[in-house]
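K.L.:
Below is the file model.cif, with mmCIF, N, CA and C atoms.
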data_target
loop_
_atom_site.label_atom_id
_atom_site.label_comp_id
_atom_site.auth_asym_id
_atom_site.auth_seq_id
_atom_site.Cartn_x
_atom_site.Cartn_y
_atom_site.Cartn_z
N ARG A 3 -26.48 11.91 -14.30
CA ARG A 3 -26.58 11.07 -13.11
C ARG A 3 -25.20 10.86 -12.52
N SER A 4 -25.12 10.87 -11.20
CA SER A 4 -23.84 10.67 -10.54
C SER A 4 -23.36 9.23 -10.70
N SER A 5 -24.29 8.28 -10.87
CA SER A 5 -23.88 6.89 -11.05
C SER A 5 -23.15 6.68 -12.37
N ASP A 6 -23.36 7.57 -13.34
CA ASP A 6 -22.65 7.47 -14.61
C ASP A 6 -21.17 7.82 -14.42
N LEU A 7 -20.88 8.73 -13.49
CA LEU A 7 -19.50 9.14 -13.25
C LEU A 7 -18.70 8.05 -12.53
N ARG A 8 -19.35 7.40 -11.58
CA ARG A 8 -18.69 6.35 -10.80
C ARG A 8 -19.67 5.18 -10.69
N PRO A 9 -19.69 4.30 -11.68
CA PRO A 9 -20.75 3.29 -11.77
C PRO A 9 -20.52 2.01 -10.96
N TRP A 10 -19.52 1.96 -10.09
CA TRP A 10 -19.29 0.70 -9.38
C TRP A 10 -20.35 0.47 -8.31
N LEU A 11 -20.48 -0.77 -7.90
CA LEU A 11 -21.54 -1.19 -6.99
C LEU A 11 -21.41 -0.51 -5.62
N VAL A 12 -20.21 -0.52 -5.04
CA VAL A 12 -19.97 0.12 -3.74
C VAL A 12 -19.09 1.34 -4.00
N ASP A 13 -19.55 2.49 -3.60
CA ASP A 13 -18.82 3.73 -3.86
C ASP A 13 -18.69 4.53 -2.57
N SER A 14 -17.54 4.43 -1.93
CA SER A 14 -17.27 5.17 -0.71
C SER A 14 -16.24 6.26 -0.94
N TYR A 15 -16.03 6.63 -2.18
CA TYR A 15 -14.99 7.60 -2.51
C TYR A 15 -15.21 8.93 -1.79
N SER A 16 -16.42 9.45 -1.82
CA SER A 16 -16.70 10.74 -1.19
C SER A 16 -16.43 10.68 0.32
N GLU A 17 -16.82 9.59 0.96
CA GLU A 17 -16.55 9.43 2.39
C GLU A 17 -15.06 9.35 2.65
N TRP A 18 -14.33 8.68 1.78
CA TRP A 18 -12.87 8.55 1.92
C TRP A 18 -12.20 9.93 1.83
N ILE A 19 -12.63 10.73 0.87
CA ILE A 19 -12.07 12.07 0.71
C ILE A 19 -12.36 12.92 1.95
N GLU A 20 -13.57 12.83 2.47
CA GLU A 20 -13.91 13.57 3.69
C GLU A 20 -13.06 13.10 4.87
N ARG A 21 -12.85 11.79 4.97
CA ARG A 21 -12.05 11.25 6.07
C ARG A 21 -10.61 11.74 6.00
N LEU A 22 -10.09 11.92 4.80
CA LEU A 22 -8.72 12.42 4.64
C LEU A 22 -8.56 13.85 5.13
N LYS A 23 -9.66 14.57 5.25
CA LYS A 23 -9.60 15.94 5.78
C LYS A 23 -9.46 15.95 7.30
N GLY A 24 -9.69 14.81 7.92
CA GLY A 24 -9.61 14.70 9.38
C GLY A 24 -8.24 14.25 9.84
N PRO A 25 -8.16 13.73 11.04
CA PRO A 25 -6.87 13.29 11.58
C PRO A 25 -6.30 12.11 10.78
N SER A 26 -4.98 11.95 10.87
CA SER A 26 -4.35 10.86 10.12
C SER A 26 -4.78 9.50 10.68
N HIS A 27 -4.69 8.52 9.84
CA HIS A 27 -4.94 7.14 10.27
C HIS A 27 -3.71 6.67 11.04
N ASN A 28 -3.88 5.73 11.95
CA ASN A 28 -2.74 5.19 12.70
C ASN A 28 -1.84 4.38 11.78
N CYS A 29 -2.46 3.50 10.99
CA CYS A 29 -1.68 2.60 10.15
C CYS A 29 -2.51 2.20 8.93
N ALA A 30 -1.82 2.03 7.81
CA ALA A 30 -2.48 1.56 6.59
C ALA A 30 -1.75 0.32 6.10
N LEU A 31 -2.49 -0.73 5.84
CA LEU A 31 -1.95 -1.96 5.26
C LEU A 31 -2.36 -1.97 3.79
N ILE A 32 -1.36 -1.97 2.92
CA ILE A 32 -1.62 -1.93 1.48
C ILE A 32 -1.10 -3.22 0.86
N PHE A 33 -1.99 -3.97 0.23
CA PHE A 33 -1.59 -5.16 -0.50
C PHE A 33 -1.20 -4.72 -1.91
N VAL A 34 0.07 -4.87 -2.23
CA VAL A 34 0.60 -4.42 -3.51
C VAL A 34 0.36 -5.50 -4.54
N ASP A 35 -0.10 -5.09 -5.69
CA ASP A 35 -0.46 -6.03 -6.74
C ASP A 35 0.52 -5.92 -7.90
N ASN A 36 0.15 -5.21 -8.91
CA ASN A 36 0.92 -5.18 -10.15
C ASN A 36 2.27 -4.50 -10.00
N SER A 37 3.21 -5.02 -10.74
CA SER A 37 4.54 -4.44 -10.79
C SER A 37 4.57 -3.35 -11.85
N GLY A 38 5.71 -2.73 -12.00
CA GLY A 38 5.89 -1.75 -13.07
C GLY A 38 5.28 -0.41 -12.74
N ILE A 39 4.61 0.14 -13.72
CA ILE A 39 4.10 1.51 -13.61
C ILE A 39 3.07 1.64 -12.49
N ASP A 40 2.33 0.57 -12.20
CA ASP A 40 1.32 0.63 -11.13
C ASP A 40 1.95 0.95 -9.78
N ILE A 41 3.04 0.31 -9.47
CA ILE A 41 3.67 0.54 -8.16
C ILE A 41 4.37 1.90 -8.12
N ILE A 42 4.96 2.31 -9.24
CA ILE A 42 5.70 3.57 -9.29
C ILE A 42 4.76 4.77 -9.29
N LEU A 43 3.73 4.75 -10.12
CA LEU A 43 2.84 5.91 -10.24
C LEU A 43 1.54 5.77 -9.46
N GLY A 44 1.29 4.61 -8.90
CA GLY A 44 0.07 4.41 -8.14
C GLY A 44 0.30 4.22 -6.66
N VAL A 45 1.02 3.17 -6.32
CA VAL A 45 1.21 2.81 -4.92
C VAL A 45 2.09 3.83 -4.19
N PHE A 46 3.26 4.12 -4.72
CA PHE A 46 4.19 4.98 -3.97
C PHE A 46 3.72 6.42 -3.79
N PRO A 47 3.05 7.04 -4.75
CA PRO A 47 2.50 8.36 -4.43
C PRO A 47 1.45 8.31 -3.31
N PHE A 48 0.65 7.25 -3.30
CA PHE A 48 -0.33 7.07 -2.22
C PHE A 48 0.37 6.84 -0.89
N VAL A 49 1.37 5.99 -0.88
CA VAL A 49 2.16 5.73 0.33
C VAL A 49 2.78 7.02 0.84
N ARG A 50 3.35 7.78 -0.06
CA ARG A 50 4.01 9.05 0.29
C ARG A 50 3.01 10.01 0.93
N GLU A 51 1.82 10.10 0.37
CA GLU A 51 0.78 10.97 0.93
C GLU A 51 0.39 10.52 2.33
N LEU A 52 0.18 9.22 2.51
CA LEU A 52 -0.17 8.72 3.84
C LEU A 52 0.93 9.01 4.85
N LEU A 53 2.18 8.76 4.46
CA LEU A 53 3.31 9.02 5.36
C LEU A 53 3.40 10.50 5.72
N SER A 54 3.19 11.36 4.75
CA SER A 54 3.27 12.79 5.01
C SER A 54 2.17 13.26 5.96
N ARG A 55 1.08 12.49 6.06
CA ARG A 55 0.01 12.78 7.01
C ARG A 55 0.27 12.18 8.38
N GLY A 56 1.35 11.41 8.53
CA GLY A 56 1.66 10.80 9.82
C GLY A 56 1.16 9.38 9.98
N THR A 57 0.69 8.78 8.91
CA THR A 57 0.20 7.40 8.95
C THR A 57 1.35 6.43 8.75
N GLU A 58 1.45 5.42 9.59
CA GLU A 58 2.41 4.35 9.35
C GLU A 58 1.86 3.47 8.24
N VAL A 59 2.75 2.95 7.39
CA VAL A 59 2.31 2.18 6.22
C VAL A 59 3.03 0.83 6.19
N ILE A 60 2.25 -0.21 5.95
CA ILE A 60 2.78 -1.55 5.74
C ILE A 60 2.44 -1.94 4.30
N LEU A 61 3.48 -2.23 3.51
CA LEU A 61 3.28 -2.71 2.15
C LEU A 61 3.46 -4.22 2.16
N ALA A 62 2.44 -4.93 1.76
CA ALA A 62 2.48 -6.39 1.73
C ALA A 62 2.53 -6.85 0.27
N CYS A 63 3.58 -7.60 -0.06
CA CYS A 63 3.79 -8.07 -1.43
C CYS A 63 3.86 -9.59 -1.44
N ASN A 64 3.54 -10.16 -2.58
CA ASN A 64 3.65 -11.61 -2.74
C ASN A 64 5.05 -12.10 -2.38
N SER A 65 5.11 -13.25 -1.77
CA SER A 65 6.40 -13.86 -1.43
C SER A 65 7.10 -14.41 -2.66
N GLY A 66 6.31 -14.88 -3.61
CA GLY A 66 6.86 -15.44 -4.84
C GLY A 66 6.15 -14.88 -6.05
N PRO A 67 6.67 -15.16 -7.24
CA PRO A 67 6.10 -14.59 -8.46
C PRO A 67 4.71 -15.15 -8.78
N ALA A 68 3.87 -14.25 -9.29
CA ALA A 68 2.53 -14.61 -9.77
C ALA A 68 2.15 -13.60 -10.84
N LEU A 69 2.07 -14.06 -12.07
CA LEU A 69 1.74 -13.20 -13.20
C LEU A 69 2.63 -11.97 -13.21
N ASN A 70 2.03 -10.79 -13.18
CA ASN A 70 2.82 -9.55 -13.22
C ASN A 70 2.86 -8.85 -11.86
N ASP A 71 2.56 -9.57 -10.80
CA ASP A 71 2.56 -8.98 -9.46
C ASP A 71 3.98 -8.77 -8.96
N VAL A 72 4.17 -7.68 -8.24
CA VAL A 72 5.47 -7.40 -7.65
C VAL A 72 5.71 -8.36 -6.49
N THR A 73 6.93 -8.87 -6.39
CA THR A 73 7.28 -9.75 -5.29
C THR A 73 7.93 -8.95 -4.17
N TYR A 74 8.00 -9.55 -3.02
CA TYR A 74 8.62 -8.91 -1.86
C TYR A 74 10.05 -8.48 -2.19
N SER A 75 10.84 -9.39 -2.77
CA SER A 75 12.24 -9.06 -3.07
C SER A 75 12.34 -7.92 -4.08
N GLU A 76 11.44 -7.89 -5.05
CA GLU A 76 11.42 -6.78 -6.02
C GLU A 76 11.03 -5.47 -5.33
N SER A 77 10.10 -5.56 -4.40
CA SER A 77 9.65 -4.35 -3.70
C SER A 77 10.77 -3.73 -2.87
N LEU A 78 11.65 -4.55 -2.35
CA LEU A 78 12.79 -4.03 -1.60
C LEU A 78 13.70 -3.19 -2.50
N ILE A 79 13.93 -3.68 -3.69
CA ILE A 79 14.79 -2.97 -4.65
C ILE A 79 14.14 -1.65 -5.08
N VAL A 80 12.86 -1.72 -5.44
CA VAL A 80 12.14 -0.53 -5.88
C VAL A 80 12.10 0.51 -4.77
N THR A 81 11.80 0.07 -3.56
CA THR A 81 11.70 1.00 -2.43
C THR A 81 13.05 1.65 -2.13
N GLU A 82 14.10 0.88 -2.20
CA GLU A 82 15.44 1.42 -1.97
C GLU A 82 15.77 2.50 -2.99
N ARG A 83 15.43 2.26 -4.23
CA ARG A 83 15.71 3.25 -5.29
C ARG A 83 14.85 4.50 -5.13
N ILE A 84 13.61 4.33 -4.75
CA ILE A 84 12.76 5.49 -4.52
C ILE A 84 13.25 6.27 -3.31
N ALA A 85 13.64 5.57 -2.26
CA ALA A 85 14.13 6.23 -1.05
C ALA A 85 15.37 7.06 -1.32
N ALA A 86 16.18 6.64 -2.28
CA ALA A 86 17.38 7.40 -2.63
C ALA A 86 17.01 8.76 -3.25
N MET A 87 15.79 8.89 -3.75
CA MET A 87 15.35 10.13 -4.40
C MET A 87 14.31 10.89 -3.58
N ASP A 88 13.76 10.26 -2.57
CA ASP A 88 12.64 10.86 -1.85
C ASP A 88 12.87 10.80 -0.34
N MET A 89 12.98 11.95 0.28
CA MET A 89 13.29 12.02 1.70
C MET A 89 12.15 11.51 2.59
N ILE A 90 10.92 11.63 2.16
CA ILE A 90 9.80 11.13 2.97
C ILE A 90 9.87 9.61 3.07
N ILE A 91 10.09 8.95 1.93
CA ILE A 91 10.21 7.49 1.92
C ILE A 91 11.45 7.07 2.69
N GLN A 92 12.55 7.74 2.45
CA GLN A 92 13.82 7.42 3.13
C GLN A 92 13.67 7.52 4.64
N SER A 93 13.10 8.61 5.10
CA SER A 93 12.92 8.83 6.54
C SER A 93 11.97 7.79 7.13
N ALA A 94 10.89 7.48 6.42
CA ALA A 94 9.92 6.51 6.91
C ALA A 94 10.54 5.12 7.05
N LEU A 95 11.39 4.75 6.11
CA LEU A 95 12.08 3.46 6.21
C LEU A 95 13.01 3.44 7.42
N ARG A 96 13.77 4.52 7.58
CA ARG A 96 14.73 4.61 8.69
C ARG A 96 14.02 4.55 10.04
N GLU A 97 12.88 5.23 10.13
CA GLU A 97 12.13 5.30 11.39
C GLU A 97 11.13 4.15 11.55
N GLU A 98 11.14 3.22 10.60
CA GLU A 98 10.23 2.06 10.59
C GLU A 98 8.76 2.48 10.58
N LYS A 99 8.47 3.57 9.89
CA LYS A 99 7.09 3.99 9.67
C LYS A 99 6.59 3.47 8.33
N LEU A 100 7.51 2.93 7.55
CA LEU A 100 7.19 2.23 6.31
C LEU A 100 7.85 0.86 6.40
N LEU A 101 7.01 -0.17 6.41
CA LEU A 101 7.49 -1.55 6.50
C LEU A 101 7.08 -2.31 5.25
N LEU A 102 7.99 -3.15 4.78
CA LEU A 102 7.68 -4.04 3.67
C LEU A 102 7.66 -5.46 4.20
N VAL A 103 6.59 -6.19 3.88
CA VAL A 103 6.43 -7.55 4.38
C VAL A 103 5.94 -8.46 3.26
N GLN A 104 6.08 -9.75 3.51
CA GLN A 104 5.61 -10.76 2.55
C GLN A 104 4.21 -11.22 2.93
N THR A 105 3.39 -11.49 1.93
CA THR A 105 2.05 -12.01 2.19
C THR A 105 2.07 -13.51 2.48
N GLY A 106 3.12 -14.18 2.04
CA GLY A 106 3.17 -15.62 2.16
C GLY A 106 2.57 -16.32 0.95
N SER A 107 2.18 -15.55 -0.04
CA SER A 107 1.49 -16.08 -1.21
C SER A 107 2.34 -15.97 -2.47
N SER A 108 2.10 -16.86 -3.39
CA SER A 108 2.65 -16.79 -4.74
C SER A 108 1.53 -16.93 -5.74
N SER A 109 0.36 -16.48 -5.35
CA SER A 109 -0.84 -16.61 -6.16
C SER A 109 -1.33 -15.24 -6.58
N PRO A 110 -1.93 -15.13 -7.75
CA PRO A 110 -2.48 -13.84 -8.17
C PRO A 110 -3.74 -13.45 -7.39
N CYS A 111 -4.29 -14.39 -6.63
CA CYS A 111 -5.50 -14.11 -5.85
C CYS A 111 -5.13 -13.95 -4.38
N LEU A 112 -5.69 -12.94 -3.74
CA LEU A 112 -5.43 -12.69 -2.33
C LEU A 112 -6.38 -13.53 -1.49
N ASP A 113 -5.81 -14.44 -0.72
CA ASP A 113 -6.60 -15.28 0.19
C ASP A 113 -6.18 -14.91 1.61
N LEU A 114 -7.00 -14.11 2.27
CA LEU A 114 -6.65 -13.63 3.61
C LEU A 114 -6.52 -14.74 4.63
N SER A 115 -7.10 -15.90 4.37
CA SER A 115 -6.99 -17.03 5.31
C SER A 115 -5.61 -17.68 5.24
N ARG A 116 -4.82 -17.33 4.24
CA ARG A 116 -3.50 -17.94 4.06
C ARG A 116 -2.36 -16.93 4.20
N LEU A 117 -2.61 -15.84 4.89
CA LEU A 117 -1.57 -14.82 5.06
C LEU A 117 -0.40 -15.36 5.87
N ASP A 118 0.76 -14.81 5.59
CA ASP A 118 1.96 -15.13 6.35
C ASP A 118 1.71 -14.84 7.83
N LYS A 119 2.15 -15.73 8.70
CA LYS A 119 1.91 -15.57 10.14
C LYS A 119 2.54 -14.28 10.65
N GLY A 120 3.73 -13.93 10.15
CA GLY A 120 4.38 -12.70 10.58
C GLY A 120 3.56 -11.47 10.24
N LEU A 121 2.95 -11.45 9.06
CA LEU A 121 2.10 -10.34 8.66
C LEU A 121 0.86 -10.28 9.56
N SER A 122 0.27 -11.43 9.82
CA SER A 122 -0.91 -11.47 10.68
C SER A 122 -0.60 -10.93 12.07
N MET A 123 0.55 -11.29 12.60
CA MET A 123 0.95 -10.82 13.93
C MET A 123 1.26 -9.33 13.91
N LEU A 124 1.84 -8.86 12.84
CA LEU A 124 2.21 -7.46 12.72
C LEU A 124 0.98 -6.54 12.74
N VAL A 125 -0.07 -6.95 12.06
CA VAL A 125 -1.27 -6.11 11.99
C VAL A 125 -2.24 -6.36 13.13
N ARG A 126 -1.96 -7.33 13.92
CA ARG A 126 -2.84 -7.65 15.04
C ARG A 126 -2.84 -6.53 15.98
#
What would you get if you wrote out this structure as structure tokens?
P.N.:
Amino acid sequence: RSSDLRPWLVDSYSEWIERLKGPSHNCALIFVDNSGIDIILGVFPFVRELLSRGTEVILACNSGPALNDVTYSESLIVTERIAAMDMIIQSALREEKLLLVQTGSSSPCLDLSRLDKGLSMLVR
């Protein structure tokens, strides 16, 4: 059964893969969660792929510490170090096709009703 392979309640993976075969998205807003290996091996390869397709990317990180979540200030350091090794990330930062912003939160739970006003205006 296909549900055994991907047993989650909502499964749009196949549609997402098909959509990636089409034109690039204008912009992607990614709420970054866990620090460490998740951001290095999960978020940035995804960001790099989107950028290479011509998609502008906004990375939104917690303003303050919450459990093991990456903070905005930490994301600046990580991104700078990755950009020193990766021309796609470096170029996207320089051309403002990759933006890092604060969510306005210091909570492990994402509450969209409490987003930073600057982030809300940016994605408007």
K.L.:
I'd like to know which residues of chain A are helix (DSSP H, G or I) (by DSSP, run on the backbone); could you write them as an MDAnalysis selection string?
P.N.:
chainID A and resid 4:7 15:22 39:54 74:85 89:96 114:116 119:125
K.L.:
One number please: atom CA of Ser108 of chain A to atom C of Ser75 of chain A, in Å, one decimal.
P.N.:
13.2 Å
K.L.:
Counting only C-alpha atoms, figure out which residue out of A:Val49, A:Cys29, A:Leu7, A:Ile19 gets nearest to Asp88 of chain A.
P.N.:
A:Val49
K.L.:
List every residue of segment 70-115 of chain A that DSSP, applied to the backbone of this structure, places in strand (DSSP E or B), and write the result as a count of residues only.
P.N.:
7
K.L.:
How big is the axis-aligned box around the listed atoms of segment 7-20 of chain A once 4 Å is added on each side, and where is its centre? Give both in Å to one decimal, as JSON.
P.N.:
{"center_x": -16.8, "center_y": 6.2, "center_z": -4.3, "size_x": 17.5, "size_y": 22.8, "size_z": 26.4}
K.L.:
One decimal, in Å: what's the spacing between atom C of Gln92 of chain A and atom N of Gly66 of chain A?
P.N.:
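A separation of 25.0 Å between them.
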